[in-house]
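**Q** Got a structure for you, protein30.tsv, holding TSV, C-alpha atoms.
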```tsv
chain	number	residue	atom	x	y	z
A	1	MET	CA	-43.24	19.59	14.06
A	2	ASN	CA	-41.26	19.49	17.29
A	3	GLY	CA	-42.52	15.99	18.05
A	4	MET	CA	-41.40	14.65	14.69
A	5	LEU	CA	-38.01	16.33	15.06
A	6	ARG	CA	-37.61	14.82	18.53
A	7	SER	CA	-38.41	11.37	17.11
A	8	TRP	CA	-35.81	11.82	14.33
A	9	HIS	CA	-33.30	13.18	16.81
A	10	ARG	CA	-33.74	10.12	19.02
A	11	SER	CA	-33.47	7.68	16.11
A	12	ILE	CA	-30.31	9.32	14.79
A	13	GLY	CA	-28.87	9.25	18.32
A	14	ILE	CA	-29.40	5.50	18.60
A	15	ILE	CA	-27.91	4.88	15.14
A	16	ILE	CA	-24.71	6.79	15.77
A	17	THR	CA	-24.11	5.74	19.40
A	18	LEU	CA	-21.80	2.88	18.49
A	19	PHE	CA	-19.80	5.06	16.06
A	20	VAL	CA	-19.46	7.87	18.62
A	21	LEU	CA	-18.15	5.35	21.14
A	22	ILE	CA	-15.62	3.95	18.63
A	23	LEU	CA	-14.52	7.44	17.58
A	24	SER	CA	-14.18	8.58	21.19
A	25	VAL	CA	-12.24	5.55	22.41
A	26	THR	CA	-9.95	5.43	19.37
A	27	GLY	CA	-9.50	9.21	19.60
A	28	ILE	CA	-8.32	8.94	23.20
A	29	LEU	CA	-5.97	6.07	22.24
A	30	LEU	CA	-4.50	8.09	19.35
A	31	ASN	CA	-3.92	11.05	21.66
A	32	HIS	CA	-1.65	8.81	23.75
A	33	THR	CA	0.09	6.78	21.05
A	34	GLU	CA	3.56	7.63	22.30
A	35	ASP	CA	2.73	7.47	26.02
A	36	TRP	CA	1.27	4.00	25.67
A	37	GLU	CA	3.74	2.91	22.94
A	38	LEU	CA	0.96	1.81	20.62
A	39	ASP	CA	3.37	1.98	17.68
A	40	GLN	CA	5.70	-0.48	19.42
A	41	HIS	CA	3.14	-3.21	20.00
A	42	HIS	CA	1.72	-5.35	17.25
A	43	LEU	CA	-1.35	-7.45	16.63
A	44	THR	CA	-0.99	-10.82	14.93
A	45	TRP	CA	-4.57	-12.03	14.87
A	46	PRO	CA	-4.83	-14.22	11.77
A	47	TRP	CA	-8.07	-12.58	10.54
A	48	LEU	CA	-6.49	-9.13	10.94
A	49	LEU	CA	-3.30	-10.11	9.07
A	50	ASP	CA	-5.50	-11.62	6.40
A	51	HIS	CA	-7.57	-8.42	6.24
A	52	TYR	CA	-4.40	-6.35	5.77
A	53	GLY	CA	-3.13	-8.78	3.15
A	54	LEU	CA	-0.25	-9.84	5.38
A	55	SER	CA	-0.83	-13.57	5.25
A	56	ASN	CA	-0.36	-16.31	2.70
A	57	VAL	CA	3.31	-15.65	1.95
A	58	GLU	CA	3.74	-18.55	-0.38
A	59	ALA	CA	7.09	-19.67	-1.73
A	60	ASP	CA	7.33	-20.42	-5.45
A	61	VAL	CA	9.37	-23.53	-4.58
A	62	ALA	CA	10.64	-25.10	-1.36
A	63	TYR	CA	13.22	-27.80	-0.66
A	64	SER	CA	14.33	-29.31	2.65
A	65	LEU	CA	18.05	-30.02	2.43
A	66	ASN	CA	20.55	-30.78	5.16
A	67	ASP	CA	18.41	-29.34	7.98
A	68	LYS	CA	17.85	-26.20	5.92
A	69	VAL	CA	14.74	-25.05	4.15
A	70	ILE	CA	15.45	-23.48	0.78
A	71	THR	CA	12.71	-21.33	-0.71
A	72	GLN	CA	12.43	-18.95	-3.62
A	73	PHE	CA	10.13	-15.94	-3.85
A	74	ASP	CA	10.27	-14.41	-7.34
A	75	ASP	CA	14.03	-14.05	-7.89
A	76	GLU	CA	15.00	-14.05	-4.22
A	77	VAL	CA	16.44	-17.25	-2.73
A	78	PHE	CA	16.16	-17.91	1.01
A	79	VAL	CA	17.91	-20.30	3.36
A	80	ASN	CA	15.42	-20.65	6.20
A	81	ASP	CA	14.38	-17.00	6.68
A	82	ASN	CA	17.61	-15.41	5.34
A	83	PRO	CA	17.73	-14.03	1.80
A	84	VAL	CA	21.06	-15.28	0.41
A	85	THR	CA	21.07	-14.45	-3.27
A	86	THR	CA	18.97	-13.64	-6.29
A	87	ASN	CA	18.43	-15.91	-9.25
A	88	LEU	CA	16.46	-14.97	-12.32
A	89	ASN	CA	15.49	-18.58	-13.03
A	90	GLN	CA	13.46	-20.71	-10.68
A	91	ILE	CA	15.19	-23.39	-8.62
A	92	ILE	CA	14.20	-26.80	-9.90
A	93	GLY	CA	15.94	-29.05	-7.38
A	94	GLY	CA	18.62	-29.39	-4.76
A	95	ILE	CA	20.99	-31.91	-3.20
A	96	THR	CA	23.59	-31.94	-0.44
A	97	ILE	CA	27.18	-33.16	-0.81
A	98	ASP	CA	29.67	-32.87	2.05
A	99	ASP	CA	27.41	-30.38	3.83
A	100	ILE	CA	27.39	-28.12	0.75
A	101	THR	CA	23.91	-27.49	-0.60
A	102	ILE	CA	23.74	-27.50	-4.39
A	103	LEU	CA	20.67	-25.95	-5.97
A	104	ALA	CA	19.91	-26.29	-9.65
A	105	SER	CA	18.06	-23.88	-11.90
A	106	THR	CA	17.75	-24.03	-15.66
A	107	ASN	CA	21.31	-23.01	-16.51
A	108	GLU	CA	23.09	-22.67	-13.17
A	109	LEU	CA	24.06	-24.43	-10.00
A	110	LEU	CA	23.92	-22.36	-6.82
A	111	LEU	CA	26.20	-23.41	-3.99
A	112	ILE	CA	25.32	-22.77	-0.33
A	113	SER	CA	27.78	-23.28	2.52
A	114	PRO	CA	27.01	-25.36	5.64
A	115	ASP	CA	26.44	-22.03	7.45
A	116	GLY	CA	23.82	-21.04	4.91
A	117	GLU	CA	26.03	-18.53	3.06
A	118	PHE	CA	25.92	-18.19	-0.69
A	119	ILE	CA	29.18	-19.48	-2.20
A	120	GLU	CA	28.90	-19.13	-5.95
A	121	LYS	CA	26.76	-19.54	-9.02
A	122	MET	CA	28.23	-22.01	-11.52
A	123	SER	CA	27.10	-21.97	-15.14
A	124	ALA	CA	28.20	-23.30	-18.52
A	125	SER	CA	31.36	-21.16	-18.34
A	126	ALA	CA	32.37	-23.33	-15.36
A	127	GLY	CA	31.53	-26.50	-17.27
A	128	VAL	CA	27.99	-27.06	-15.97
A	129	PRO	CA	25.61	-28.61	-18.53
A	130	GLU	CA	22.80	-26.33	-19.70
A	131	GLN	CA	19.02	-26.73	-19.82
A	132	ILE	CA	18.84	-28.54	-16.51
A	133	GLN	CA	15.58	-30.29	-15.70
A	134	ASN	CA	16.41	-31.89	-12.34
A	135	ILE	CA	19.26	-32.71	-10.00
A	136	GLY	CA	19.79	-35.86	-8.00
A	137	LEU	CA	22.29	-38.13	-6.31
A	138	PHE	CA	23.67	-41.46	-7.42
A	139	HIS	CA	25.87	-43.17	-4.82
A	140	GLY	CA	26.74	-39.78	-3.37
A	141	GLU	CA	27.62	-38.19	-6.69
A	142	PRO	CA	25.69	-35.34	-8.32
A	143	VAL	CA	23.63	-36.15	-11.39
A	144	LEU	CA	21.89	-33.68	-13.68
A	145	GLN	CA	19.01	-34.49	-15.96
A	146	THR	CA	19.10	-32.04	-18.87
A	147	ARG	CA	17.28	-31.73	-22.18
A	148	ASN	CA	20.49	-33.06	-23.64
A	149	GLY	CA	20.65	-36.19	-21.51
A	150	MET	CA	22.00	-37.22	-18.11
A	151	TRP	CA	25.30	-36.00	-16.69
A	152	ARG	CA	27.36	-37.04	-13.69
A	153	SER	CA	30.14	-35.23	-11.84
A	154	ASP	CA	32.03	-35.38	-8.56
A	155	TYR	CA	31.84	-33.06	-5.56
A	156	MET	CA	33.89	-30.40	-7.43
A	157	LEU	CA	31.10	-30.06	-10.03
A	158	GLU	CA	33.58	-29.01	-12.71
A	159	ASP	CA	33.86	-32.08	-14.90
A	160	TRP	CA	30.64	-33.61	-16.16
A	161	GLU	CA	30.40	-36.85	-18.09
A	162	LYS	CA	27.37	-37.88	-20.09
A	163	ILE	CA	25.92	-41.05	-18.67
A	164	SER	CA	22.79	-43.15	-18.46
A	165	LEU	CA	21.85	-44.31	-14.99
A	166	GLN	CA	19.00	-46.09	-13.28
A	167	GLY	CA	18.07	-45.52	-9.67
A	168	VAL	CA	19.05	-41.86	-9.32
A	169	SER	CA	17.57	-40.26	-6.22
A	170	TRP	CA	16.01	-37.15	-7.80
A	171	SER	CA	15.31	-34.01	-5.84
A	172	ILE	CA	11.70	-33.40	-4.93
A	173	GLN	CA	9.96	-30.35	-3.51
A	174	SER	CA	8.83	-30.21	0.09
A	175	THR	CA	6.47	-28.09	2.12
A	176	VAL	CA	7.69	-25.23	4.30
A	177	PRO	CA	7.59	-26.18	8.01
A	178	SER	CA	5.29	-23.97	10.08
A	179	ASP	CA	8.11	-22.43	12.17
A	180	ILE	CA	10.04	-21.40	9.02
A	181	GLN	CA	6.81	-20.18	7.43
A	182	LYS	CA	6.23	-17.94	10.45
A	183	GLN	CA	9.78	-16.55	10.17
A	184	LEU	CA	9.29	-15.91	6.45
A	185	ASP	CA	5.96	-14.19	7.15
A	186	SER	CA	7.76	-12.05	9.69
A	187	HIS	CA	10.54	-11.29	7.18
A	188	PHE	CA	8.10	-10.06	4.56
A	189	TYR	CA	5.56	-8.36	6.77
A	190	GLY	CA	7.36	-7.52	9.99
A	191	GLU	CA	5.80	-8.27	13.32
A	192	GLY	CA	2.21	-7.75	12.26
A	193	VAL	CA	-0.08	-4.73	12.36
A	194	SER	CA	0.87	-2.06	14.92
A	195	ILE	CA	-1.88	-1.16	17.38
A	196	GLU	CA	-1.47	2.47	16.31
A	197	ARG	CA	-2.21	1.59	12.69
A	198	PHE	CA	-5.19	-0.56	13.67
A	199	VAL	CA	-6.66	2.15	15.94
A	200	LEU	CA	-6.04	4.87	13.35
A	201	ASP	CA	-7.78	2.81	10.65
A	202	LEU	CA	-10.71	2.20	13.01
A	203	HIS	CA	-10.85	5.93	13.70
A	204	ASN	CA	-10.78	7.10	10.09
A	205	GLY	CA	-12.78	4.22	8.62
A	206	HIS	CA	-9.95	2.84	6.50
A	207	ILE	CA	-10.35	-0.50	8.29
A	208	LEU	CA	-13.31	-1.11	5.95
A	209	ASN	CA	-11.43	0.25	2.94
A	210	GLY	CA	-13.47	2.65	0.74
A	211	ILE	CA	-16.82	1.81	2.33
A	212	GLY	CA	-15.54	2.74	5.80
A	213	VAL	CA	-14.66	6.27	4.71
A	214	TRP	CA	-18.11	6.81	3.19
A	215	LEU	CA	-19.73	5.28	6.26
A	216	LEU	CA	-17.91	7.73	8.52
A	217	ASP	CA	-18.94	10.55	6.19
A	218	VAL	CA	-22.57	9.51	6.73
A	219	VAL	CA	-21.95	9.34	10.51
A	220	ALA	CA	-20.43	12.83	10.37
A	221	VAL	CA	-23.50	14.16	8.52
A	222	LEU	CA	-25.77	12.48	11.10
A	223	LEU	CA	-23.70	14.08	13.90
A	224	ILE	CA	-24.20	17.48	12.26
A	225	LEU	CA	-27.95	16.81	11.95
A	226	ILE	CA	-28.28	15.67	15.55
A	227	SER	CA	-26.34	18.72	16.77
A	228	VAL	CA	-28.46	21.12	14.72
A	229	SER	CA	-31.72	19.38	15.70
A	230	GLY	CA	-30.65	19.36	19.37
A	231	LEU	CA	-29.84	23.07	19.26
A	232	TRP	CA	-33.12	23.75	17.45
A	233	MET	CA	-35.18	21.86	20.03
A	234	TRP	CA	-33.33	23.51	22.91
A	235	SER	CA	-33.93	26.97	21.45
A	236	ARG	CA	-37.64	26.17	20.95
A	237	SER	CA	-38.11	24.63	24.40
A	238	GLY	CA	-37.42	27.98	26.10
A	239	LYS	CA	-40.29	29.68	24.25
B	1	MET	CA	-13.58	28.46	-40.21
B	2	LYS	CA	-10.37	28.01	-42.16
B	3	GLN	CA	-8.34	29.13	-39.12
B	4	ALA	CA	-10.15	26.61	-36.88
B	5	MET	CA	-9.36	23.77	-39.28
B	6	LEU	CA	-5.73	24.90	-39.41
B	7	ASN	CA	-5.53	24.92	-35.59
B	8	ARG	CA	-7.05	21.43	-35.41
B	9	HIS	CA	-4.56	20.21	-37.99
B	10	ASN	CA	-1.65	21.69	-35.99
B	11	LEU	CA	-2.96	20.11	-32.77
B	12	ARG	CA	-3.22	16.70	-34.42
B	13	ASN	CA	0.33	17.01	-35.77
B	14	SER	CA	1.62	18.00	-32.34
B	15	ILE	CA	-0.08	15.00	-30.67
B	16	CYS	CA	1.38	12.68	-33.32
B	17	LEU	CA	4.85	14.15	-32.76
B	18	VAL	CA	4.63	13.75	-28.97
B	19	MET	CA	3.35	10.18	-29.29
B	20	SER	CA	6.14	9.33	-31.74
B	21	LEU	CA	8.73	10.73	-29.32
B	22	VAL	CA	7.23	8.74	-26.41
B	23	LEU	CA	7.24	5.54	-28.48
B	24	PHE	CA	10.80	6.23	-29.58
B	25	PHE	CA	12.03	6.62	-26.01
B	26	ILE	CA	10.12	3.53	-24.84
B	27	ALA	CA	11.59	1.52	-27.71
B	28	PHE	CA	15.05	2.90	-26.97
B	29	SER	CA	14.88	2.06	-23.26
B	30	VAL	CA	13.63	-1.48	-23.98
B	31	GLU	CA	16.38	-1.99	-26.51
B	32	ALA	CA	18.96	-0.92	-23.94
B	33	ARG	CA	18.38	-3.99	-21.77
B	34	GLY	CA	19.60	-7.41	-22.76
B	35	VAL	CA	22.31	-10.00	-22.99
B	36	TYR	CA	24.93	-8.79	-25.45
B	37	GLN	CA	27.23	-11.77	-25.14
B	38	THR	CA	27.10	-14.95	-23.06
B	39	PRO	CA	29.99	-15.55	-20.62
B	40	GLU	CA	30.87	-18.68	-22.62
B	41	ASP	CA	31.17	-16.72	-25.88
B	42	PHE	CA	33.16	-13.99	-24.12
B	43	LEU	CA	35.64	-16.57	-22.79
B	44	ALA	CA	35.84	-18.38	-26.13
B	45	GLU	CA	36.57	-15.06	-27.84
B	46	THR	CA	39.11	-14.04	-25.21
B	47	PHE	CA	41.05	-17.31	-25.32
B	48	GLU	CA	40.49	-17.93	-29.04
B	49	GLN	CA	38.24	-20.97	-28.50
B	50	ASP	CA	40.79	-22.62	-26.21
B	51	VAL	CA	39.25	-21.75	-22.83
B	52	PRO	CA	41.37	-22.92	-19.89
B	53	LYS	CA	39.82	-24.71	-16.94
B	54	SER	CA	38.41	-22.28	-14.42
B	55	LYS	CA	39.94	-21.64	-11.00
B	56	VAL	CA	38.50	-20.03	-7.90
B	57	ILE	CA	39.60	-17.54	-5.27
B	58	TRP	CA	37.99	-18.03	-1.87
B	59	ILE	CA	37.00	-14.79	-0.20
B	60	LYS	CA	37.98	-15.06	3.43
B	61	GLY	CA	39.40	-12.91	6.22
B	62	ASP	CA	41.33	-9.82	5.10
B	63	LEU	CA	40.51	-10.43	1.44
B	64	ARG	CA	36.82	-10.00	2.25
B	65	LYS	CA	37.59	-6.62	3.85
B	66	VAL	CA	39.62	-5.45	0.86
B	67	ILE	CA	36.88	-6.48	-1.58
B	68	THR	CA	34.28	-4.72	0.56
B	69	ASP	CA	36.39	-1.55	0.41
B	70	ILE	CA	36.76	-1.76	-3.36
B	71	LEU	CA	33.07	-2.40	-4.06
B	72	GLY	CA	31.72	-0.25	-1.26
B	73	HIS	CA	29.61	-3.17	-0.06
B	74	LYS	CA	29.96	-6.81	0.90
B	75	TYR	CA	30.55	-9.15	-2.04
B	76	GLN	CA	27.71	-11.60	-2.41
B	77	GLY	CA	29.44	-14.95	-2.43
B	78	LEU	CA	32.31	-16.83	-0.85
B	79	ARG	CA	34.35	-17.43	-3.98
B	80	ILE	CA	35.09	-15.81	-7.32
B	81	ARG	CA	35.80	-17.82	-10.45
B	82	TYR	CA	38.38	-16.86	-13.06
B	83	TRP	CA	40.10	-18.25	-16.12
B	84	GLN	CA	43.86	-17.99	-16.62
B	85	LYS	CA	46.30	-18.62	-19.42
B	86	GLN	CA	49.84	-17.53	-18.63
B	87	GLN	CA	49.61	-13.92	-17.45
B	88	ARG	CA	46.16	-13.29	-18.87
B	89	THR	CA	43.14	-13.74	-16.62
B	90	ALA	CA	39.45	-13.36	-17.45
B	91	TRP	CA	36.77	-12.48	-14.92
B	92	ILE	CA	32.99	-12.57	-15.15
B	93	LEU	CA	31.64	-10.30	-12.43
B	94	ASP	CA	28.19	-9.03	-11.54
B	95	GLU	CA	27.68	-5.65	-9.93
B	96	ILE	CA	24.49	-3.74	-9.22
B	97	GLY	CA	24.12	-0.56	-11.27
B	98	LYS	CA	21.13	1.09	-9.70
B	99	GLU	CA	18.83	-1.82	-8.93
B	100	GLU	CA	19.73	-4.70	-11.20
B	101	PRO	CA	23.01	-6.59	-11.66
B	102	ILE	CA	25.15	-5.76	-14.67
B	103	THR	CA	27.34	-8.63	-15.88
B	104	PHE	CA	30.85	-7.58	-16.89
B	105	GLY	CA	33.57	-9.52	-18.65
B	106	ILE	CA	37.08	-8.27	-17.84
B	107	VAL	CA	40.44	-9.41	-19.19
B	108	ILE	CA	43.62	-8.54	-17.31
B	109	ASN	CA	46.98	-8.96	-18.98
B	110	ALA	CA	50.18	-8.41	-16.99
B	111	ASP	CA	48.39	-6.37	-14.29
B	112	LYS	CA	46.79	-4.05	-16.86
B	113	ILE	CA	43.24	-4.10	-18.19
B	114	GLU	CA	43.18	-5.51	-21.68
B	115	ARG	CA	39.43	-5.33	-22.17
B	116	VAL	CA	36.18	-4.61	-20.35
B	117	LYS	CA	32.84	-5.60	-21.84
B	118	VAL	CA	29.24	-5.39	-20.66
B	119	LEU	CA	27.85	-8.87	-21.20
B	120	ALA	CA	24.36	-8.31	-19.79
B	121	PHE	CA	22.59	-5.10	-18.85
B	122	ARG	CA	19.29	-5.25	-16.96
B	123	GLU	CA	18.71	-1.63	-15.90
B	124	SER	CA	16.41	0.68	-17.82
B	125	ARG	CA	19.00	3.49	-17.95
B	126	GLY	CA	22.75	3.79	-18.23
B	127	SER	CA	23.44	1.21	-20.91
B	128	GLU	CA	25.67	3.73	-22.71
B	129	ILE	CA	28.57	2.22	-20.77
B	130	ARG	CA	28.50	-0.77	-23.09
B	131	HIS	CA	29.68	1.25	-26.06
B	132	ARG	CA	33.26	0.77	-27.15
B	133	ALA	CA	33.86	4.52	-27.05
B	134	PHE	CA	33.41	4.32	-23.28
B	135	THR	CA	34.95	0.91	-22.49
B	136	GLN	CA	38.12	1.82	-24.43
B	137	GLN	CA	39.02	4.23	-21.64
B	138	PHE	CA	39.82	1.22	-19.44
B	139	LYS	CA	42.42	-0.22	-21.81
B	140	ASP	CA	45.91	-0.47	-20.24
B	141	ILE	CA	44.74	0.92	-16.91
B	142	GLY	CA	46.55	-0.48	-13.88
B	143	LEU	CA	46.09	-0.41	-10.15
B	144	GLN	CA	47.60	2.21	-7.85
B	145	GLU	CA	46.84	2.23	-4.15
B	146	MET	CA	43.72	0.13	-4.71
B	147	LYS	CA	42.38	2.57	-7.30
B	148	LEU	CA	42.54	2.80	-11.08
B	149	ASP	CA	45.70	4.65	-12.08
B	150	ARG	CA	43.85	6.79	-14.64
B	151	HIS	CA	40.70	8.90	-14.51
B	152	ILE	CA	37.59	7.57	-16.20
B	153	ASP	CA	35.31	10.14	-17.82
B	154	GLY	CA	31.69	9.63	-16.80
B	155	VAL	CA	28.62	9.35	-18.97
B	156	SER	CA	25.74	11.72	-18.36
B	157	GLY	CA	22.75	9.81	-16.98
B	158	ALA	CA	24.79	6.66	-16.37
B	159	THR	CA	26.67	7.62	-13.20
B	160	MET	CA	25.80	4.47	-11.27
B	161	SER	CA	26.58	2.16	-14.18
B	162	VAL	CA	29.95	3.91	-14.62
B	163	SER	CA	30.63	3.47	-10.88
B	164	ALA	CA	29.74	-0.22	-11.14
B	165	MET	CA	32.12	-0.73	-14.07
B	166	THR	CA	34.91	1.18	-12.33
B	167	ALA	CA	34.43	-0.92	-9.18
B	168	VAL	CA	34.55	-4.29	-10.96
B	169	ALA	CA	37.52	-3.20	-13.07
B	170	THR	CA	39.38	-2.29	-9.87
B	171	LEU	CA	38.33	-5.58	-8.28
B	172	ALA	CA	39.50	-7.63	-11.27
B	173	LEU	CA	42.87	-5.82	-11.28
B	174	TYR	CA	43.30	-6.51	-7.58
B	175	LEU	CA	42.25	-10.17	-7.81
B	176	ALA	CA	44.60	-10.66	-10.77
B	177	THR	CA	47.52	-9.69	-8.53
B	178	LEU	CA	46.60	-12.64	-6.30
B	179	THR	CA	46.80	-15.12	-9.17
B	180	SER	CA	50.31	-14.36	-10.33
```
For the structure just supplied, provide its representation as structure tokens.
**A**
Amino acid sequence: MNGMLRSWHRSIGIIITLFVLILSVTGILLNHTEDWELDQHHLTWPWLLDHYGLSNVEADVAYSLNDKVITQFDDEVFVNDNPVTTNLNQIIGGITIDDITILASTNELLLISPDGEFIEKMSASAGVPEQIQNIGLFHGEPVLQTRNGMWRSDYMLEDWEKISLQGVSWSIQSTVPSDIQKQLDSHFYGEGVSIERFVLDLHNGHILNGIGVWLLDVVAVLLILISVSGLWMWSRSGK
Amino acid sequence: MKQAMLNRHNLRNSICLVMSLVLFFIAFSVEARGVYQTPEDFLAETFEQDVPKSKVIWIKGDLRKVITDILGHKYQGLRIRYWQKQQRTAWILDEIGKEEPITFGIVINADKIERVKVLAFRESRGSEIRHRAFTQQFKDIGLQEMKLDRHIDGVSGATMSVSAMTAVATLALYLATLTS
């Protein structure tokens, strides 16, 4: 009986060694979170960010205009990594005239200053044609393609004349440069995962989501068993 | 036996009543959101189909500070558009109620509010401010020391929407003084 128990005790000991080490080390680290400023330092390992769902911040649309990258995430419009305004409709194109960035969505034009500040939203009440499909430039003048035909204006964007043109340079989407993408990732998800959070999740098993918690429950049961069996064998060894 | 059947019948009726009430409130809250009038229709109605060309006020320097004081936050944008015919001006202004922007149409005539209208309401609560019984309070209100010169009675459950309307009404009155 004692021999079998000793064999089980040894096997359980080997199984839980790694977990005891992790729990001990992470426990010590958590005891000194503030001393070692673990909440102030962050991890940005790609696999870890991916595991926490902090990667793949993908813009709905992106346009490179006048050294600026315009992106839209849901209804939020960004110039580089700065949120500048909200727009319920998706941006469908953009141009630059005299350093002013003009973005078009279905029924509005959004104006952005050279400093990247939101100027104004212009709609039909300001004379802008509705049901816009694209925006482009023709000899430096803004042109809108709408469901109701093609329209041209000047830099003031207030008077639009219906026209038919060939050779309009239409706006096309671009990709987000990696440096801007990093800034946008940082905007949405901060600096990454804090070491404190990572250590805490290692300690309580949340790093493996639901399975991790159950796994640690099993480890806890094994620890109880090994303690009881150890005590039992110790008490028997004296007799 | 008869009593048990009666109890079951009462329980079923109660569940039906609760479900009906829930559905009613859901339907009511959904109905509250929406576009009541487009800015174009509001302007056409205001200027009797003869809408003047729009003008803009650029928000710079001290004006930005004043607008920030009136709204209680920075105005999102560098210019505000308005429409003017003689001493009447019309303004289409967005202001956040609780979380979503409410679009207001405001007409100022000789430095007094002629009309305030909710053109689009996107919040789930507080749409009561669109009713004429409430908006009528703003009629003939002027500006005194950067505030409305008359008290506006609130609406229970629509405090933030009322604040938003009061703020844009004050802003429109102030901006109108810059156009004359």
**Q** Can you list, as number ranges by chain, every protein, DNA or RNA residue that comes within 12 Å of range 37-40 of chain B when you count only C-alpha atoms, leaving out same-chain residues fewer than 3 positions away?
**A** A: 107, 122-130; B: 34, 43-52, 54, 81-83, 90-94, 103-106, 117-121, 130
**Q** Let me make sure I understand: among B:Lys55, B:His131, B:Lys60, B:Lys65, which one has the smallest atom-to-atom distance to Ala176 in chain B if we use all atoms listed in the file?
**A**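 Of B:Lys55, B:His131, B:Lys60, B:Lys65, the one nearest Ala176 in chain B is B:Lys55, counting all atoms listed in the file.
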**Q** List every protein, DNA or RNA residue that has an atom no more than 8 Å from (44.6, 0.3, -14.5) in the file's coordinate frame, counting all atoms listed in the file, and report them as a ChimeraX atom specification.
**A** /B:111-113,138-144,147-150,170,173
**Q** Any idea what the distance is between CA of Leu202 in chain A and CA of Lys182 in chain A?
**A** 26.4 Å
**Q** Set the distance at 12 Å and use only C-alpha atoms: which residues neighbour Asp35 in chain A once local chain neighbours fewer than 6 positions away are removed? I'd like the list as a list in words.
**A**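 So the residues in contact are Ile28, Leu29 and Glu196 of chain A.
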